[in-house]
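> Have a look at the structure that comes next, please.
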Amino acid sequence: MSMVIDWELILQHSPALIVAIPLLGAFLTPLIGRIGPKVRNGFVVLIALVTSFFVFLLSNDILTNGSIRTYVFGGGKPLINNRFAIRILFEVDGLNAFMIIIGAILVLVAVIYSLKYMKEYTGLDKFYTLLLLMSVGMFGMMMTGDMFNLFVFLEITSIAASALIAFWTSKGKSVYAGLKYMVISTIGALFILFAIAILYSQYNALNMAVLASSIQYSFLDKIAFVLLIAGLAMKAGIAPMHMWMPDAYGRAPASISILLVGATQASLYALFRVTFTLYGNNLTAILKHIELDLLGNSIEFDITLNGVLGILFIALAVITIIIGVIMALKQTDFKRLIAFAAVAEMGYMLLAIGAAITTIGGIDPETGAMIIPAQGLMALKGGIFHILNDALDIGLLFLVAGAVYYATKETSLNKLGGLARNMKYTTVFFFIGLFAVAGMPPMNGFASKLMIYESTYLINPILAIVAILCSILLLAMFIKVLHSVFLGPKIPKFKGVKEVPKTMLFAMAIIACIIIFIGLFPNIVVENIVTPATEALHNFSNYIGGILI
Amino acid sequence: MMELLETFIKTLTAINDDIRIWNPLIWVLAIIIALLVVYIIRGFGRRDYKEGTGQTQAFLSGNPEYEKEKMHVPGENVYWGFTHALKWVYDIFNKMHTGNVSDYVLWFVVIMGIFFLILGVI
């Protein structure tokens, strides 16, 4: 009897399976945990592997064919009896595919790393359940085509993340950090829900594509837009709403910090989706026509939404980068320092996207795509590319910090020192992370940051100067970590310190290899993954058309 | 001559005419050659260097050397001059980072208000 695998059928159901498999796995984990910790660990790794398999299968199909895949839960048609049907949609285009690839890498690495890293702690059934639930929320946010569904997945991610940040309940500060994250997430999510309610009350729809084709940019739409931007920017850790990040990233177990990076980027993705797709039709709307009479010369110009929004994004991005690096430089806690570096990195992405938004010249009536000049497209590509690179670089550094904590039970830069002798591989991984995050060649961070520098220089040289200077400070701060943690004489307290277990090294090696690969062959990644994601972002009519057929 | 220089710079910065990222393989090769040159220069170093003798001891203005463990500069002291010079900046930023969750929410409200004012009024 021969069995034929229907790949098309598997591909069709992949969007649902990417969420369903970890969801099922999450609730089965406590049951399987009753058999034994080894079986449970194997089961969680299997779930992460199977989910990643579907992610790569789906992404490969979308990125190579340039197609959009939708998955419908509920009503089969958009309209039943001339009314919108109750249906939830997952819609996966190039940008979604790009995001879920990042999510899959982070989840897989987090699970592998946790096997040994969390081994000595109790309550691991709950830990893995929450970890898988968090990945459900993350993947859901990255794939949903429905605004209310976005809120639901945002809440799933937030609740699971809060519990995981506070997982080390014996440490009071972890519990407090978890509580802070919960409060901040809930308030942000409530404003997002309020915005969704405003949109629903006007257009009787929750579907992103339907809303995108309906929004008129009325006063209520403006309110919804502001609420969505502010709520999602806070969840993405944009300064000065970033303050929860050092607490959450710094207090969570290292394998959760890396997942939090993914969750933060899912919020950033949602911010871009709202701006480019939901309000895409209105992005070049003229807000005001100005006529000035200067010394007898009449000057006329228009203030457009993209101009104002782009400048706002750039302003927030510059503040984010500066606050991130300046605060990181004075930190004495390893993980808190990385957390501030992560804040600065978010600024780089927003800077590139903000710069790209300012260059949008209109919407092409034939293709329905935004008209963006070459430098704007380069900025957009750089910003998108940096999402991937940031997840890997900051993720690797968090894992290194976790490895140092695992070996020494210490995170203070004032107390650590001389570990390069005892932890050779971890030191090498730190070097890779250090060069990558500071945008040094030949690591991945250099490739995307160079694109950001080049494009922002063409848009406004001051932006490029700030970005480059802050990258130098990023390098300086990690040199400080290198000196404080890995170099210097042997500290007697740490003489017996050994290298971390192989599974933890393996998890770090996965990320390190991807970093080096992207650094050496950025063209492969830009051509095959980043460009389709960028096109999906500015060619938003395809996303709308993907559902309204 | 200028054309030659232009072609050379293009080789370093472009993978092809469409993608102008950087050409990592050429740069890696350049770094390896540079490291090789450094290694060769290192080979010309002093041959009378002996480990474990007075040659390897740190000279601290004639004062005795501390134990190795005490010689390590802790993280807090690195870039002390930089952070001290920017004390006024740190004073502002430290006031922002209170660690109090209600202050975090306040910043959220402030930013939302600014967005409302700019996007709503214009």
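Going through the structure tokens in order, the chains are called A, B, and so on, while each chain numbers its residues from 1 and the ligands are numbered from 1 in the order shown.
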If we count only C-alpha atoms, which residues of chain A reach to within 7 Å of chain B? Please list them as a PyMOL selection string.

chain A and resi 180+184+222+226+230+234+240-241+243+287-288+330+332+413-415+442+447+451+480+484+488-491+520

> As number ranges by chain, which residues of region 223-375 of chain A does DSSP assign to alpha helix (DSSP H)?

A: 223-235, 244-251, 254-273, 305-329, 334-358, 374-375

> Which residues are near Ile529 (chain A)? Cut-off 7 Å, only C-alpha atoms, ignore same chain within fewer than 4 positions. Put them as a list in words.

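The residues satisfying every condition are Leu63, Phe98, Val525 and Ala533 of chain A.
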
> Once you have the residues from the selection above, write them out as a short mmCIF file (atom, residue, chain, number, x, y, z; two decimals), in the first residue's frame, restricted to N, CA and C atoms.


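What follows is the written file out.cif:
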```cif
data_model
loop_
_atom_site.label_atom_id
_atom_site.label_comp_id
_atom_site.auth_asym_id
_atom_site.auth_seq_id
_atom_site.Cartn_x
_atom_site.Cartn_y
_atom_site.Cartn_z
N LEU A 63 6.92 32.59 -0.34
CA LEU A 63 8.05 33.41 -0.79
C LEU A 63 8.53 33.03 -2.19
N PHE A 98 7.60 36.14 6.42
CA PHE A 98 8.87 36.62 6.98
C PHE A 98 8.82 36.61 8.51
N VAL A 525 19.32 36.44 1.40
CA VAL A 525 18.20 36.74 2.31
C VAL A 525 17.39 37.92 1.79
N ALA A 533 8.72 40.44 1.51
CA ALA A 533 8.09 41.05 2.69
C ALA A 533 7.87 42.54 2.46
#
```

> For CA of Ala266 (chain A) and CA of Val55 (chain A), quote the distance in Å rounded to one decimal.

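So the two atoms, CA of Ala266 (chain A) and CA of Val55 (chain A), lie 15.4 Å apart.
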
> What is the distance between CA of Ile215 (chain A) and CA of Phe148 (chain A), in Å to one decimal?

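Separation between CA of Ile215 (chain A) and CA of Phe148 (chain A): 16.3 Å.
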
> Excluding region 190-199 of chain A and any residue of its chain fewer than 3 positions from it, enumerate the residues within 7 Å of it, using only C-alpha atoms, and give them as a VMD selection string.

chain A and resid 147 to 148 151 186 to 187 202 to 203 220 to 221 224 227 to 228 231

> Would you mind exporting the chosen residues as a compact mmCIF listing (two decimals), in the first residue's frame, restricted to N, CA and C atoms?


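Just written: again.txt:
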```txt
# COMPACT_ATOMS: atom_id res chain seq x y z
N MET A 147 -9.03 42.00 12.91
CA MET A 147 -8.59 42.91 13.96
C MET A 147 -8.90 42.39 15.37
N PHE A 148 -10.10 41.82 15.55
CA PHE A 148 -10.43 41.34 16.89
C PHE A 148 -9.57 40.14 17.25
N PHE A 151 -6.36 41.23 18.57
CA PHE A 151 -6.45 41.57 20.00
C PHE A 151 -6.41 40.30 20.85
N THR A 186 -2.11 45.06 29.50
CA THR A 186 -3.57 45.17 29.57
C THR A 186 -4.03 46.55 29.15
N ILE A 187 -3.34 47.58 29.63
CA ILE A 187 -3.74 48.94 29.28
C ILE A 187 -3.57 49.17 27.77
N GLN A 202 -18.27 51.72 12.98
CA GLN A 202 -18.45 52.50 11.74
C GLN A 202 -18.66 51.63 10.52
N TYR A 203 -17.88 50.56 10.42
CA TYR A 203 -17.85 49.80 9.16
C TYR A 203 -18.46 48.41 9.27
N LEU A 220 -13.34 59.85 13.64
CA LEU A 220 -13.33 58.61 14.45
C LEU A 220 -12.20 57.68 14.00
N ASP A 221 -11.97 57.64 12.69
CA ASP A 221 -10.87 56.82 12.17
C ASP A 221 -9.52 57.33 12.68
N ALA A 224 -9.15 56.13 16.19
CA ALA A 224 -8.79 54.70 16.19
C ALA A 224 -7.33 54.52 15.79
N LEU A 227 -5.04 55.48 18.67
CA LEU A 227 -5.08 54.47 19.73
C LEU A 227 -4.30 53.22 19.33
N LEU A 228 -4.47 52.82 18.07
CA LEU A 228 -3.76 51.62 17.60
C LEU A 228 -2.25 51.85 17.58
N GLY A 231 -0.93 52.14 21.27
CA GLY A 231 -0.98 50.85 21.96
C GLY A 231 0.07 49.88 21.45
```

> Mind checking which residues fall within 9 Å of Leu11 (chain A), counting only C-alpha atoms, ignoring those fewer than 6 positions away in the same chain, and posting them as a PyMOL selection string?

chain A and resi 54+57-58+61+69

> With distances taken over only C-alpha atoms, which residue among A:Gly310, A:Gly42, A:Pro501, A:Pro37 lies nearest Leu124 (chain A)?

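Smallest separation from Leu124 (chain A) among the options: A:Pro37.
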
> Would you kindly return, as a list in words, each protein, DNA or RNA residue with an atom no farther than 6 Å from any atom of region 503-511 of chain A, considering only C-alpha atoms and excluding same-chain residues fewer than 5 positions away?

Val109, Ile112 and Tyr113 of chain A

> Identify, on the basis of only C-alpha atoms, every residue whose closest approach to Ile18 (chain A) does not exceed 8 Å; exclude the query and any residue fewer than 4 positions from it along the same chain; express the result as a list in words.

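Returned residues: Ser14, Pro22, Thr51, Ser52, Phe54, Val55, Val136 and Phe139 of chain A.
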
> To one decimal place, how far is CA of Gly25 (chain A) from CA of His13 (chain A) in Å?

17.4 Å

> Tell me which of A:Ala285, A:Ala339, A:Met143, A:Leu24 sits closest to Ile101 (chain A), counting only C-alpha atoms.

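Residue with the minimum atom-to-atom distance to Ile101 (chain A): A:Met143.
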
> DSSP on the backbone, then: every residue of region 248-402 of chain A marked strand (DSSP E or B), written as a list in words.

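Strand (DSSP E or B) assignments inside region 248-402 of chain A correspond to Ile286, Leu287, Lys288, His289, Ile290, Glu291, Leu292, Asp293, Leu294, Asn297, Ser298, Ile299, Glu300, Phe301, Asp302, Ile303, Thr304, Asp333, Gly362, Ile363, Met370 and Ile371 of chain A.
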